[in-house]
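What follows is one structure encoded as structure tokens, with my remarks underneath.
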Amino acid sequence: MDFKLKIWRQRNAKEKGHFETYEIKGIEEDASFLEMLDILNEQLIREGADPVAVDKGCKSSGPVSFDHDCREGICGACSLYIDGRAHGPDDHVTTCQLFMRHFKDGATITVEPWRSKGFPVIKDLVVDRGAFDKILQAGGFISVRTGSAQDANNILIPHDKAEESMDAAACVGCGACVATCKNGSAMLFVGARVSSLALLPQGRPEAARRARAMVAKMDELGFGNCTNTRACEMECPKGISVEHIARLNREYLKARFSE
Amino acid sequence: MADKLISKIPDGPLAEKWTKRKSEIRLVSPNNKRKLEIIVVGTGLGGASAAASLGELGYNVKVFCISDSPRRAHSIAAQGGINAAKDYQNDNDSIYRLFYDTIKGGDYRSREANVYRLAEVSASIIDQCVAQGVPFAREYGGYLANRSFGGVQVSRTFYARGQTGQQLLLGAYAALNKEIAAGTVKSYPRHEMLDLVIINGQAKGIIARNLVTGKLERFGAHAVVIATGGYGNTYFLSTNAMNSNGSAAWQCYKKGAYFANPCFAQIHPTCIPRHGDQQCKLTLMSESLRNDGRIWVPNNLEDVKKLRAHQIKASEIPEERRDYYLERRYPAFGNLVPRDVASRAAKERCDAGFGVNETGQAVFLDFSDAIKRLGHQKVAERYGNLFDMYEKITNSSPWKEPMMIYPAIHYTMGGIWVDYDLQTTIPGLYAIGEANFSDHGGNRLGASALMQGLADGYFILPITIGDYLSHKFAEPKTDTNAPEFEQAEKAVQERIDKLLSIKGKQPVDVLHKKLGNIMWDYVGMARDEAGLKKAIADIQALKKEFWSDVCVPGTNGEFNQELEKALRLADFFEIGELMARDALNRTESCGGHFRVESQTEEGEAKRDDAHFMYVSAWEYKGEDKEPELHKEPLKYEFIEVKTRNYKD
């Protein structure tokens, strides 16, 4: 398969970015989107395209930087906005599990980084998602010291509750929800963590504090408000439901009343 | 220098060794812990759990990872589960049985005392993780559920769907976040350790590259913990994440830490087969699938031919024309034989011409019986997400046609040599999790990597490191302006400058693929003397090619992924060579290491206990010099060493 790729290039956080267009040929339809980018990068390196040479008039900025790691849809590193959709045209996948058979031969594909105030661009398609770590550090945990735990079967958790908690815990922290949301809200990410722990008896003692602290941190870091468009749920690679946002709202309200 | 290999295994009965060692370990008082600094490199299950637990104890911890967040470490991708000797199933499991299965599964090449301790602390791991809010699978009564894994006859594996590694890592990461918030741990994401700094023979810090700015930074400490995983990516194609690498461990080796059993690499039997030259990564399908899936190939070449030509579908081949070769060869364990055995059996059938896809390198993993027996819903609950994942990748539904699978490199049992305290041959340098060598011998059993990472990080290292630190609190903070830091940083800078100045023709990945092909062909599932000698020569030649013809675009002073890859690949050449050397030395077959020269008439691996019941520990002797082999004899005092038998 052959494609024309329109890719966002930006040397660093300070400089302005721009689109560059590349042609790529002979891609197998079973190749993943990121394998296709690997092949493009190999091509750009062989052409001698070099970011340093751009200053001297070279027309290409060299290999494209993009975050990736596990390539099996679980680490949450990959983060591309493809043809206007987070993680591209397939449903319930991360970019690394998007395959070229989902594109038409000869198509022009536009690739951009996550665009959100909360995620500044580091280079090309790589963004800084450190804000997610900070939100979780604000309270996305259960305060148990190593060695303090009782026997695991002393905490009984009904099958369905455990499953529901697991549904929320499946979040990979990729940031597609934020990138998709017109308000740049991180409510699905925060809701998933708050809800996953709130559903479990172990998570109850800190539930109020957790909801308050994580929401406050999210606001502080510049993420927007939720206006219930449900776009986040649509684009979440793990299909995490906005019901978890509803549970976050309930937990948050309860927490405010208990203040 | 063989006297460096003192394993420090406590005397006394097996079941009392850990208790005894703990009672001997000196303590550090809380006010002194505050004065002590520890560097933890890596944030997988081992690194995250260690950093969090050390922070809780009151030490000053700095934790480093190469990803944008600690949560992305490759432990996250472990699917099937974690073992623990809880005996919740009343199927006569015990600490002894978990210990015994692990030693036997490792083909009698691991230390009794270490493995027993692993089994002993396994139950506490489950308790800890549940308390953290890890949503393990539950029975309807609310109790924890279990499943079975390869190489064992009990159900002791705890799981969270097919995402157990993710959930355990998120638990450890949450514990880490708690400590970061408390100020005891400082986190350095997007930082890569490029050298270890040694002062007066002791590990005192690291040189790390800030991957965003490219700046080299110095970090000092009283002790350094390596938790950077394995070196499976030496093969280029593996189930490891793209950024997984052996470089941090390798820098420790080059600074004097012995490297143990490098040839012990695990080849996982159930991976999605390769599809073409453009592939960069192999995807694992959890071993848990072998609980209910049956592995087979046709018993006649006629059907094989038709399958490859897409003239028939697997589901159309009747029962009597199928060869369930694992059930045939190993009736007692059937589809649940250990990974090394299952992988070799798949290779044997494919080499004999029975491979079921175009490349001839695939076998079937069939769920049709399980779907009939358990019903769609039960199967979906157990494996639904794995089925979805398989279908996304291959465009074929396991509900309708069997999966196609083939073995791939997955894990490395070898690693930095450590003593019972998990300390390396360099004082003050510790190695935990997959980065060390100690618990899995020649082959790791499924669901044991998660167990080991968390055992080391939560319950072992935080205690044992105290023994070393107990006489360090009077020492001042490490001065990162010391000449040793200066020199280490300069050496790293020179390496980077050299790579950038070559400006050759070949991209890093192209050279990495070439290395991968050498490794897979000669240091893969079957190894022999001639092939290993050829591998060593070929790798040396390729390394020269790399250092004269690699093309690394860009500069050091920026986010530069090609430079990151080049630095890692430079080490992979050397790791690959040492793996081949170790495989050449070990003329026996053992666990994942299969020497063609050493097999039974039935083609089973033949161990040579008389000559090889030892850990090989290699010492670096300098650039282009042959490393020196040291041997740590393995003594089995508590169990009888037998030939592994999964037949009856």
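Chain labels run A, B, ... following the order of the structure tokens; each chain numbers its residues from 1, and ligands are numbered from 1 in the order shown.
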
All residues 8 Å or closer to B:Val197, only C-alpha atoms, same chain fewer than 5 positions away omitted, as a PDB file with N, CA and C atoms, in the first residue's frame:
ATOM      1  N   ALA B 203      29.721   1.308  44.757  1.00  0.00           N
ATOM      2  CA  ALA B 203      28.785   2.017  43.871  1.00  0.00           C
ATOM      3  C   ALA B 203      28.326   3.289  44.564  1.00  0.00           C
ATOM      4  N   LYS B 204      28.515   4.439  43.893  1.00  0.00           N
ATOM      5  CA  LYS B 204      28.211   5.714  44.541  1.00  0.00           C
ATOM      6  C   LYS B 204      27.327   6.619  43.702  1.00  0.00           C
ATOM      7  N   GLY B 205      26.948   6.168  42.528  1.00  0.00           N
ATOM      8  CA  GLY B 205      26.083   7.041  41.761  1.00  0.00           C
ATOM      9  C   GLY B 205      25.994   6.636  40.308  1.00  0.00           C
ATOM     10  N   ILE B 206      25.302   7.441  39.548  1.00  0.00           N
ATOM     11  CA  ILE B 206      25.120   7.152  38.124  1.00  0.00           C
ATOM     12  C   ILE B 206      25.272   8.425  37.298  1.00  0.00           C
ATOM     13  N   ILE B 207      25.554   8.207  36.017  1.00  0.00           N
ATOM     14  CA  ILE B 207      25.463   9.281  35.034  1.00  0.00           C
ATOM     15  C   ILE B 207      24.200   8.985  34.230  1.00  0.00           C
ATOM     16  N   GLU B 484      35.842  10.793  39.925  1.00  0.00           N
ATOM     17  CA  GLU B 484      35.225   9.588  39.363  1.00  0.00           C
ATOM     18  C   GLU B 484      33.965   9.935  38.550  1.00  0.00           C
ATOM     19  N   PHE B 485      33.207  10.905  39.059  1.00  0.00           N
ATOM     20  CA  PHE B 485      32.021  11.351  38.308  1.00  0.00           C
ATOM     21  C   PHE B 485      32.440  12.064  37.025  1.00  0.00           C
ATOM     22  N   ALA B 488      33.570   9.475  34.486  1.00  0.00           N
ATOM     23  CA  ALA B 488      32.449   8.694  33.953  1.00  0.00           C
ATOM     24  C   ALA B 488      31.642   9.535  32.969  1.00  0.00           C
TER      25      ALA B 488
END

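Omitting A:Met234 and its sequence neighbours fewer than 4 positions away, and counting only C-alpha atoms, the residues within 9 Å are Asp91, His92, Cys177, Arg230, Gly239, Ile240 and Ser241 of chain A.
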
Hey, can you spit out that residue selection with C-alpha atoms as a PDB file, in the first residue's frame?
ATOM      1  CA  ASP A  91     -12.331   1.717  17.699  1.00  0.00           C
ATOM      2  CA  HIS A  92     -10.982   0.623  21.066  1.00  0.00           C
ATOM      3  CA  CYS A 177      -9.673  11.457  26.599  1.00  0.00           C
ATOM      4  CA  ARG A 230     -19.010  11.760  26.069  1.00  0.00           C
ATOM      5  CA  GLY A 239     -13.709   1.818  26.274  1.00  0.00           C
ATOM      6  CA  ILE A 240     -13.866   3.263  29.779  1.00  0.00           C
ATOM      7  CA  SER A 241     -17.395   4.413  30.486  1.00  0.00           C
TER       8      SER A 241
END

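Residue list for chain A within 6 Å of chain B: A:Asp50, A:Pro51, A:Val52, A:Asp69, A:Cys70, A:Cys75, A:Gln137, A:Phe141, A:Ile142, A:Ala149, A:Asp151, A:Ala152, A:Asn153, A:Leu156, A:Ile157, A:Pro158, A:His159, A:Ala162, A:Met166, counting only C-alpha atoms.
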
Practice prompt. DSSP on the backbone, then: every residue of stretch 12-198 of chain A marked alpha helix (DSSP H), written as number ranges by chain.
Written response: A: 33-46, 51-54, 130-137, 159-169, 176-180, 187-198

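The space separating atom CA of B:Ser343 from atom CA of B:Gln266 comes to 9.4 Å.
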
Worksheet item: Looking at only C-alpha atoms, which of A:Glu163, A:Val121, A:Glu42, A:Pro205 is the one that sits closest to A:Val144?
Response: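 Closest to A:Val144 of all the choices is A:Pro205.
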
Discussion item. Could you go through stretch 206-431 of chain B and tell me which residues DSSP, when run on the backbone, assigns to strand (DSSP E or B), listing them as a PyMOL selection string?
Written reply: chain B and resi 206-210+216-220+223-226+259-260+265-271+284+294-298+322-323+363-366+403-412+415-416+423+429-431
